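Visitor: Supplied in structure tokens, the structure appears directly below.
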Amino acid sequence: MSTKHYAVIGHPIGHTMSPFIHKRLFELAGADADYTYLDIAPETLAEKYQNHLRHLDGFNITIPHKEAVIPLLDALDDKAKMYGSVNTVALKDGKATGYTTDPDGFIKALEAAGIDLDGRIMILGCGGVARTMAYEIALRGKPFEFAVRRESVGRAGLLCLDVTRKVPDAQVSFGLIDQIIGTVDVLINATPVGMYPHIDEQPIHNCAIGRCGAVYDAIYNPLETALVKRAKANGSKAAGGMSMLVWQAVAAHQIWDGSQYDPKDIEQLVQDAAEEMNRQFSN
């Protein structure tokens, strides 16, 4: 059997953990495959796709190509159509099909952390990451709310409308992030606050964190943000975003070749990826 070839594309893409994670997943599956990263400027995407990408066995996509790649593909799966975004492409029998595995990564990361989507659910932020999480929560019939900065109120309102348009029975609302009152059963941080190098910052105050039953932070650098550390100190369940990054990669492999993995191996990979991130980027 000949070696299969995969890659991740983006721009810029120097600081990516994808090769480390995917190479390990291929090793765990016993697959003969290689994986690299390709820095592709937006204006060259179509050319690179025709001349190189469509001759691979599959590839992953990060910013800024998740939407721009769609017109180049032959087909989309239903969830990619719903999200209007693609992060994984499988090429089989000359046909390129786009998928989004970010939602799968989010849900599997919550499961791995023992966090149940029940009670009062709040998403901090209303950007692309928040959008992914919002759709998945709405599809499960769970009511939730966004908490945003004052300057993002208009964007939050539009996102609420988009969620209810795509999931008609969705129960979603929004409020201001500095006016959170009461207990929150599941708090999800989809903002960049607390990301390296600003590792001492938190998206909400300590008193609000103290009223959270469980916390999930989509940030994976550092492995444990100030928010996650504070939540754990309060005795709450809490986890960071490295698990989401790894689980969405697992979903990509399941699409590419049907590989299945032992959850303990994935848990170890999350830890190893965090150590590798610190080694590579010296933070």
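Residues in the structure tokens are numbered from 1 in each chain, the chains being A, B, ... in the order shown, and ligands are numbered from 1 in the order shown.
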Any idea what's packed within 10 Å of Lys142 of chain A, counting only C-alpha atoms, ignoring anything in its chain fewer than 3 positions away? Could you give it as a PyMOL selection string?
Guide: chain A and resi 117-121+134+136-139+169-172
Visitor: Would you pick out the contacts of Leu269 of chain A at 10 Å or less, using only C-alpha atoms, so that residues sharing its chain but fewer than 2 positions from it are not included, and give the list as an MDAnalysis selection string?
Guide: chainID A and resid 20:21 24:25 242:243 246:247 263:267 271:275
Visitor: Per DSSP on the backbone, filter segment 13-77 of chain A down to the residues in helix (DSSP H, G or I) and report them as a ChimeraX atom specification.
Guide: /A:18-29,42-51,53-55,70-72
Visitor: Can you write just those residues out, N, CA, C and O atoms, as a JSON list (two decimals), in the first residue's frame?
Guide:
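The new file part39.json reads:
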```
[["chain", "number", "residue", "atom", "x", "y", "z"],
["A", 18, "SER", "N", -1.21, 21.16, 14.22],
["A", 18, "SER", "CA", -1.83, 20.11, 13.41],
["A", 18, "SER", "C", -0.87, 18.99, 13.00],
["A", 18, "SER", "O", -1.22, 17.81, 13.13],
["A", 19, "PRO", "N", 0.34, 19.29, 12.48],
["A", 19, "PRO", "CA", 1.22, 18.18, 12.09],
["A", 19, "PRO", "C", 1.53, 17.24, 13.25],
["A", 19, "PRO", "O", 1.50, 16.01, 13.08],
["A", 20, "PHE", "N", 1.82, 17.79, 14.42],
["A", 20, "PHE", "CA", 2.12, 16.94, 15.58],
["A", 20, "PHE", "C", 0.94, 16.04, 15.91],
["A", 20, "PHE", "O", 1.09, 14.83, 16.11],
["A", 21, "ILE", "N", -0.25, 16.61, 15.98],
["A", 21, "ILE", "CA", -1.44, 15.86, 16.37],
["A", 21, "ILE", "C", -1.79, 14.81, 15.34],
["A", 21, "ILE", "O", -2.03, 13.63, 15.66],
["A", 22, "HIS", "N", -1.80, 15.19, 14.06],
["A", 22, "HIS", "CA", -2.23, 14.24, 13.02],
["A", 22, "HIS", "C", -1.21, 13.13, 12.80],
["A", 22, "HIS", "O", -1.58, 11.98, 12.55],
["A", 23, "LYS", "N", 0.07, 13.45, 12.90],
["A", 23, "LYS", "CA", 1.07, 12.40, 12.76],
["A", 23, "LYS", "C", 0.93, 11.36, 13.86],
["A", 23, "LYS", "O", 1.05, 10.15, 13.61],
["A", 24, "ARG", "N", 0.64, 11.82, 15.07],
["A", 24, "ARG", "CA", 0.43, 10.88, 16.18],
["A", 24, "ARG", "C", -0.80, 10.02, 15.92],
["A", 24, "ARG", "O", -0.80, 8.81, 16.19],
["A", 25, "LEU", "N", -1.86, 10.62, 15.41],
["A", 25, "LEU", "CA", -3.08, 9.86, 15.13],
["A", 25, "LEU", "C", -2.83, 8.81, 14.05],
["A", 25, "LEU", "O", -3.35, 7.69, 14.14],
["A", 26, "PHE", "N", -2.04, 9.14, 13.04],
["A", 26, "PHE", "CA", -1.71, 8.15, 12.02],
["A", 26, "PHE", "C", -0.91, 7.01, 12.64],
["A", 26, "PHE", "O", -1.11, 5.84, 12.31],
["A", 27, "GLU", "N", 0.01, 7.34, 13.55],
["A", 27, "GLU", "CA", 0.80, 6.31, 14.23],
["A", 27, "GLU", "C", -0.09, 5.40, 15.05],
["A", 27, "GLU", "O", 0.05, 4.17, 15.03],
["A", 28, "LEU", "N", -1.02, 5.99, 15.80],
["A", 28, "LEU", "CA", -1.92, 5.19, 16.63],
["A", 28, "LEU", "C", -2.78, 4.26, 15.78],
["A", 28, "LEU", "O", -3.12, 3.15, 16.22],
["A", 29, "ALA", "N", -3.12, 4.70, 14.58],
["A", 29, "ALA", "CA", -3.96, 3.88, 13.69],
["A", 29, "ALA", "C", -3.14, 2.91, 12.85],
["A", 29, "ALA", "O", -3.70, 2.07, 12.14],
["A", 42, "PRO", "N", -4.30, 33.95, 0.38],
["A", 42, "PRO", "CA", -5.66, 33.89, -0.17],
["A", 42, "PRO", "C", -5.73, 34.00, -1.69],
["A", 42, "PRO", "O", -6.50, 33.28, -2.34],
["A", 43, "GLU", "N", -4.92, 34.88, -2.27],
["A", 43, "GLU", "CA", -4.99, 35.11, -3.72],
["A", 43, "GLU", "C", -4.45, 33.94, -4.54],
["A", 43, "GLU", "O", -4.66, 33.87, -5.76],
["A", 44, "THR", "N", -3.77, 32.98, -3.88],
["A", 44, "THR", "CA", -3.23, 31.82, -4.61],
["A", 44, "THR", "C", -3.99, 30.53, -4.31],
["A", 44, "THR", "O", -3.61, 29.47, -4.79],
["A", 45, "LEU", "N", -5.07, 30.61, -3.53],
["A", 45, "LEU", "CA", -5.77, 29.40, -3.11],
["A", 45, "LEU", "C", -6.27, 28.57, -4.28],
["A", 45, "LEU", "O", -6.06, 27.36, -4.33],
["A", 46, "ALA", "N", -6.94, 29.20, -5.23],
["A", 46, "ALA", "CA", -7.51, 28.46, -6.37],
["A", 46, "ALA", "C", -6.41, 27.75, -7.17],
["A", 46, "ALA", "O", -6.56, 26.58, -7.55],
["A", 47, "GLU", "N", -5.32, 28.46, -7.40],
["A", 47, "GLU", "CA", -4.20, 27.87, -8.15],
["A", 47, "GLU", "C", -3.59, 26.69, -7.40],
["A", 47, "GLU", "O", -3.35, 25.62, -7.97],
["A", 48, "LYS", "N", -3.33, 26.88, -6.10],
["A", 48, "LYS", "CA", -2.74, 25.82, -5.29],
["A", 48, "LYS", "C", -3.67, 24.61, -5.19],
["A", 48, "LYS", "O", -3.23, 23.46, -5.15],
["A", 49, "TYR", "N", -4.96, 24.89, -5.15],
["A", 49, "TYR", "CA", -5.92, 23.79, -5.07],
["A", 49, "TYR", "C", -5.84, 22.93, -6.33],
["A", 49, "TYR", "O", -5.75, 21.70, -6.24],
["A", 50, "GLN", "N", -5.86, 23.55, -7.48],
["A", 50, "GLN", "CA", -5.85, 22.80, -8.74],
["A", 50, "GLN", "C", -4.52, 22.06, -8.95],
["A", 50, "GLN", "O", -4.49, 20.91, -9.41],
["A", 51, "ASN", "N", -3.43, 22.73, -8.60],
["A", 51, "ASN", "CA", -2.10, 22.19, -8.91],
["A", 51, "ASN", "C", -1.56, 21.22, -7.85],
["A", 51, "ASN", "O", -0.68, 20.41, -8.15],
["A", 53, "LEU", "N", -3.40, 20.67, -4.05],
["A", 53, "LEU", "CA", -4.27, 20.17, -2.99],
["A", 53, "LEU", "C", -5.19, 19.05, -3.45],
["A", 53, "LEU", "O", -5.41, 18.07, -2.73],
["A", 54, "ARG", "N", -5.75, 19.18, -4.65],
["A", 54, "ARG", "CA", -6.70, 18.17, -5.09],
["A", 54, "ARG", "C", -6.02, 16.83, -5.44],
["A", 54, "ARG", "O", -6.68, 15.84, -5.73],
["A", 55, "HIS", "N", -4.69, 16.80, -5.39],
["A", 55, "HIS", "CA", -3.96, 15.56, -5.63],
["A", 55, "HIS", "C", -3.55, 14.87, -4.32],
["A", 55, "HIS", "O", -2.94, 13.80, -4.36],
["A", 70, "ILE", "N", -14.81, 26.62, -0.27],
["A", 70, "ILE", "CA", -16.07, 25.94, -0.60],
["A", 70, "ILE", "C", -16.38, 25.92, -2.10],
["A", 70, "ILE", "O", -16.72, 24.86, -2.64],
["A", 71, "PRO", "N", -16.26, 27.04, -2.82],
["A", 71, "PRO", "CA", -16.58, 26.99, -4.26],
["A", 71, "PRO", "C", -15.67, 26.07, -5.06],
["A", 71, "PRO", "O", -16.03, 25.68, -6.18],
["A", 72, "LEU", "N", -14.52, 25.71, -4.52],
["A", 72, "LEU", "CA", -13.58, 24.85, -5.24],
["A", 72, "LEU", "C", -13.91, 23.37, -5.10],
["A", 72, "LEU", "O", -13.41, 22.55, -5.87]]
```
Visitor: Find the residues around Val89 of chain A up to 10 Å (only C-alpha atoms counted), leave out those fewer than 5 positions away in its own chain, and share them as a list in words.
Guide: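 The filter keeps Tyr6, Val8, Leu53, Arg54, Leu56, Asp57, Gly58, Phe59, Asn60, Ile61, Val69, Ile70, Leu73, Ala75, Leu76, Lys95, Ala96, Thr97, Gly98, Tyr99, Thr100, Ala252, Ile255 and Trp256 of chain A.
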Visitor: Please write the residues from the selection above to a file, keeping N, CA, C and O atoms, as a compact mmCIF listing (two decimals), in the first residue's frame.
Guide:
```
# COMPACT_ATOMS: atom_id res chain seq x y z
N TYR A 6 -1.30 14.07 3.31
CA TYR A 6 -2.25 15.00 3.90
C TYR A 6 -1.52 16.28 4.30
O TYR A 6 -0.29 16.32 4.40
N VAL A 8 -2.30 20.56 6.22
CA VAL A 8 -3.18 21.62 6.71
C VAL A 8 -2.78 22.90 5.99
O VAL A 8 -1.59 23.16 5.78
N LEU A 53 -3.40 20.67 -4.05
CA LEU A 53 -4.27 20.17 -2.99
C LEU A 53 -5.19 19.05 -3.45
O LEU A 53 -5.41 18.07 -2.73
N ARG A 54 -5.75 19.18 -4.65
CA ARG A 54 -6.70 18.17 -5.09
C ARG A 54 -6.02 16.83 -5.44
O ARG A 54 -6.68 15.84 -5.73
N LEU A 56 -3.89 15.51 -3.19
CA LEU A 56 -3.65 14.88 -1.90
C LEU A 56 -4.77 13.88 -1.60
O LEU A 56 -5.77 13.81 -2.31
N ASP A 57 -4.62 13.15 -0.50
CA ASP A 57 -5.68 12.25 -0.06
C ASP A 57 -6.67 12.98 0.86
O ASP A 57 -7.80 12.52 1.04
N GLY A 58 -6.24 14.10 1.39
CA GLY A 58 -7.10 14.91 2.24
C GLY A 58 -6.32 16.08 2.81
O GLY A 58 -5.08 16.06 2.81
N PHE A 59 -7.03 17.09 3.29
CA PHE A 59 -6.35 18.21 3.95
C PHE A 59 -7.28 18.92 4.90
O PHE A 59 -8.50 18.82 4.80
N ASN A 60 -6.65 19.58 5.86
CA ASN A 60 -7.37 20.40 6.82
C ASN A 60 -7.21 21.87 6.46
O ASN A 60 -6.28 22.25 5.74
N ILE A 61 -8.13 22.69 6.96
CA ILE A 61 -8.17 24.10 6.60
C ILE A 61 -8.34 24.94 7.84
O ILE A 61 -9.17 24.64 8.69
N VAL A 69 -12.63 28.15 0.44
CA VAL A 69 -12.38 26.88 -0.26
C VAL A 69 -13.66 26.25 -0.80
O VAL A 69 -13.63 25.43 -1.72
N ILE A 70 -14.81 26.62 -0.27
CA ILE A 70 -16.07 25.94 -0.60
C ILE A 70 -16.38 25.92 -2.10
O ILE A 70 -16.72 24.86 -2.64
N LEU A 73 -14.75 23.03 -4.13
CA LEU A 73 -15.02 21.63 -3.82
C LEU A 73 -16.16 21.06 -4.66
O LEU A 73 -16.97 21.80 -5.21
N ALA A 75 -18.42 18.76 -3.35
CA ALA A 75 -19.59 18.50 -2.51
C ALA A 75 -19.30 18.91 -1.07
O ALA A 75 -18.14 19.03 -0.66
N LEU A 76 -20.38 19.13 -0.30
CA LEU A 76 -20.29 19.41 1.13
C LEU A 76 -21.20 18.46 1.87
O LEU A 76 -22.27 18.09 1.39
N LYS A 95 -13.09 12.98 -6.30
CA LYS A 95 -14.11 13.89 -5.79
C LYS A 95 -13.67 14.47 -4.45
O LYS A 95 -13.27 13.74 -3.54
N ALA A 96 -13.76 15.80 -4.32
CA ALA A 96 -13.37 16.51 -3.09
C ALA A 96 -14.62 16.90 -2.32
O ALA A 96 -15.46 17.65 -2.81
N THR A 97 -14.75 16.36 -1.09
CA THR A 97 -15.91 16.65 -0.25
C THR A 97 -15.47 17.37 1.00
O THR A 97 -14.50 16.97 1.66
N GLY A 98 -16.19 18.45 1.34
CA GLY A 98 -15.85 19.27 2.50
C GLY A 98 -16.68 18.93 3.71
O GLY A 98 -17.88 18.65 3.61
N TYR A 99 -16.04 18.97 4.88
CA TYR A 99 -16.69 18.69 6.15
C TYR A 99 -16.27 19.74 7.18
O TYR A 99 -15.27 20.44 6.99
N THR A 100 -17.01 19.83 8.26
CA THR A 100 -16.55 20.61 9.41
C THR A 100 -16.53 19.69 10.62
O THR A 100 -17.55 19.09 10.98
N ALA A 252 -11.60 14.13 11.86
CA ALA A 252 -11.09 14.18 10.49
C ALA A 252 -10.56 12.82 10.05
O ALA A 252 -10.81 12.37 8.93
N ILE A 255 -13.25 10.47 9.13
CA ILE A 255 -13.74 10.76 7.79
C ILE A 255 -12.80 10.20 6.73
O ILE A 255 -13.23 9.58 5.75
N TRP A 256 -11.50 10.41 6.93
CA TRP A 256 -10.52 10.00 5.92
C TRP A 256 -10.42 8.49 5.77
O TRP A 256 -10.38 7.97 4.66
```
Visitor: Could you tell me how far atom CA of Gln260 of chain A sits from atom CA of Ala190 of chain A, in Å to one decimal place?
Guide: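 Value for the atom CA of Ala190 of chain A-atom CA of Gln260 of chain A distance: 28.4 Å.
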Visitor: Any idea what's packed within 8 Å of Tyr216 of chain A, counting only C-alpha atoms, ignoring anything in its chain fewer than 6 positions away? Could you give it as an mmCIF file with N, CA and C atoms, in the first residue's frame?
Guide:
```cif
data_model
loop_
_atom_site.group_PDB
_atom_site.id
_atom_site.type_symbol
_atom_site.label_atom_id
_atom_site.label_comp_id
_atom_site.auth_asym_id
_atom_site.auth_seq_id
_atom_site.Cartn_x
_atom_site.Cartn_y
_atom_site.Cartn_z
ATOM 1 N N LEU A 110 -16.227 18.327 25.662
ATOM 2 C CA LEU A 110 -17.095 18.454 26.831
ATOM 3 C C LEU A 110 -17.306 17.089 27.492
ATOM 4 N N VAL A 186 -23.139 26.049 33.041
ATOM 5 C CA VAL A 186 -22.041 25.775 32.106
ATOM 6 C C VAL A 186 -21.617 27.087 31.451
ATOM 7 N N LEU A 187 -20.394 27.506 31.727
ATOM 8 C CA LEU A 187 -19.833 28.713 31.122
ATOM 9 C C LEU A 187 -18.822 28.302 30.063
ATOM 10 N N ILE A 188 -18.967 28.850 28.858
ATOM 11 C CA ILE A 188 -18.071 28.521 27.749
ATOM 12 C C ILE A 188 -17.407 29.806 27.259
ATOM 13 N N ASN A 189 -16.088 29.840 27.322
ATOM 14 C CA ASN A 189 -15.370 31.017 26.839
ATOM 15 C C ASN A 189 -14.994 30.840 25.375
ATOM 16 N N VAL A 228 -9.653 28.862 33.655
ATOM 17 C CA VAL A 228 -9.727 27.448 34.017
ATOM 18 C C VAL A 228 -9.123 27.210 35.395
ATOM 19 N N ALA A 238 -13.582 21.973 34.985
ATOM 20 C CA ALA A 238 -13.062 22.961 34.039
ATOM 21 C C ALA A 238 -12.060 22.301 33.105
ATOM 22 N N ALA A 239 -12.053 22.752 31.849
ATOM 23 C CA ALA A 239 -11.126 22.210 30.853
ATOM 24 C C ALA A 239 -10.819 23.267 29.810
ATOM 25 N N GLY A 240 -9.633 23.132 29.185
ATOM 26 C CA GLY A 240 -9.206 24.059 28.146
ATOM 27 C C GLY A 240 -9.382 23.479 26.759
ATOM 28 N N GLY A 241 -9.008 24.268 25.734
ATOM 29 C CA GLY A 241 -9.344 23.963 24.356
ATOM 30 C C GLY A 241 -8.458 22.970 23.631
#
```
Visitor: What gap, in Å, lies between atom CA of Asn87 of chain A and atom CA of Cys126 of chain A?
Guide: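 Result for atom CA of Asn87 of chain A versus atom CA of Cys126 of chain A: 19.4 Å, one decimal.
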Visitor: Using DSSP on the backbone coordinates, identify all residues within segment 138-175 of chain A classified as strand (DSSP E or B); present the result as a ChimeraX atom specification.
Guide: /A:144-148,172-175
Visitor: Can you tell me how far atom CA of His11 of chain A sits from atom CA of Ser152 of chain A, in Å to one decimal?
Guide: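 Distance reported for this atom pair: 25.9 Å.
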Visitor: Env of Arg150 of chain A: 12 Å cut, atoms = only C-alpha atoms, seq-sep filter 6 positions within chain, self excluded. Answer as a PyMOL selection string.
Guide: chain A and resi 125-126+156-157+174-179
Visitor: Would you mind exporting N, CA and C atoms of the selected residues as a PDB file, in the first residue's frame?
Guide:
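Saved result, again_3.pdb, follows:
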```pdb
ATOM      1  N   GLY A 125     -18.778  35.727  24.186  1.00  0.00           N
ATOM      2  CA  GLY A 125     -18.340  36.074  22.843  1.00  0.00           C
ATOM      3  C   GLY A 125     -19.371  35.702  21.799  1.00  0.00           C
ATOM      4  N   CYS A 126     -19.182  36.244  20.593  1.00  0.00           N
ATOM      5  CA  CYS A 126     -20.138  35.962  19.512  1.00  0.00           C
ATOM      6  C   CYS A 126     -19.435  35.882  18.153  1.00  0.00           C
ATOM      7  N   ALA A 156     -24.077  40.246  18.211  1.00  0.00           N
ATOM      8  CA  ALA A 156     -24.728  39.178  18.968  1.00  0.00           C
ATOM      9  C   ALA A 156     -26.184  39.020  18.543  1.00  0.00           C
ATOM     10  N   GLY A 157     -26.858  40.146  18.310  1.00  0.00           N
ATOM     11  CA  GLY A 157     -28.248  40.087  17.859  1.00  0.00           C
ATOM     12  C   GLY A 157     -28.379  39.389  16.528  1.00  0.00           C
ATOM     13  N   PHE A 174     -29.198  37.145  24.489  1.00  0.00           N
ATOM     14  CA  PHE A 174     -27.875  37.691  24.765  1.00  0.00           C
ATOM     15  C   PHE A 174     -27.965  38.810  25.790  1.00  0.00           C
ATOM     16  N   GLY A 175     -26.819  39.051  26.454  1.00  0.00           N
ATOM     17  CA  GLY A 175     -26.709  40.121  27.435  1.00  0.00           C
ATOM     18  C   GLY A 175     -25.273  40.613  27.478  1.00  0.00           C
ATOM     19  N   LEU A 176     -25.002  41.522  28.401  1.00  0.00           N
ATOM     20  CA  LEU A 176     -23.670  42.104  28.506  1.00  0.00           C
ATOM     21  C   LEU A 176     -22.772  41.278  29.416  1.00  0.00           C
ATOM     22  N   ILE A 177     -21.533  41.132  29.020  1.00  0.00           N
ATOM     23  CA  ILE A 177     -20.593  40.287  29.743  1.00  0.00           C
ATOM     24  C   ILE A 177     -20.254  40.855  31.117  1.00  0.00           C
ATOM     25  N   ASP A 178     -20.364  42.169  31.286  1.00  0.00           N
ATOM     26  CA  ASP A 178     -20.059  42.774  32.581  1.00  0.00           C
ATOM     27  C   ASP A 178     -21.297  42.905  33.464  1.00  0.00           C
ATOM     28  N   GLN A 179     -22.396  42.274  33.046  1.00  0.00           N
ATOM     29  CA  GLN A 179     -23.620  42.332  33.840  1.00  0.00           C
ATOM     30  C   GLN A 179     -24.201  40.935  34.077  1.00  0.00           C
TER      31      GLN A 179
END
```
Visitor: Compare A:Gly114, A:Pro192, A:Gly94, A:Gly235 by their minimum atom-to-atom distance to Cys212 of chain A, counting only C-alpha atoms, and give me the closest one.
Guide: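 Selected residue with least distance to Cys212 of chain A: A:Gly235.
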Visitor: Skipping near chain neighbours, those fewer than 6 positions away, what residues fall within 9 Å of Asp102 of chain A using only C-alpha atoms, listed as a count of residues only?
Guide: 10
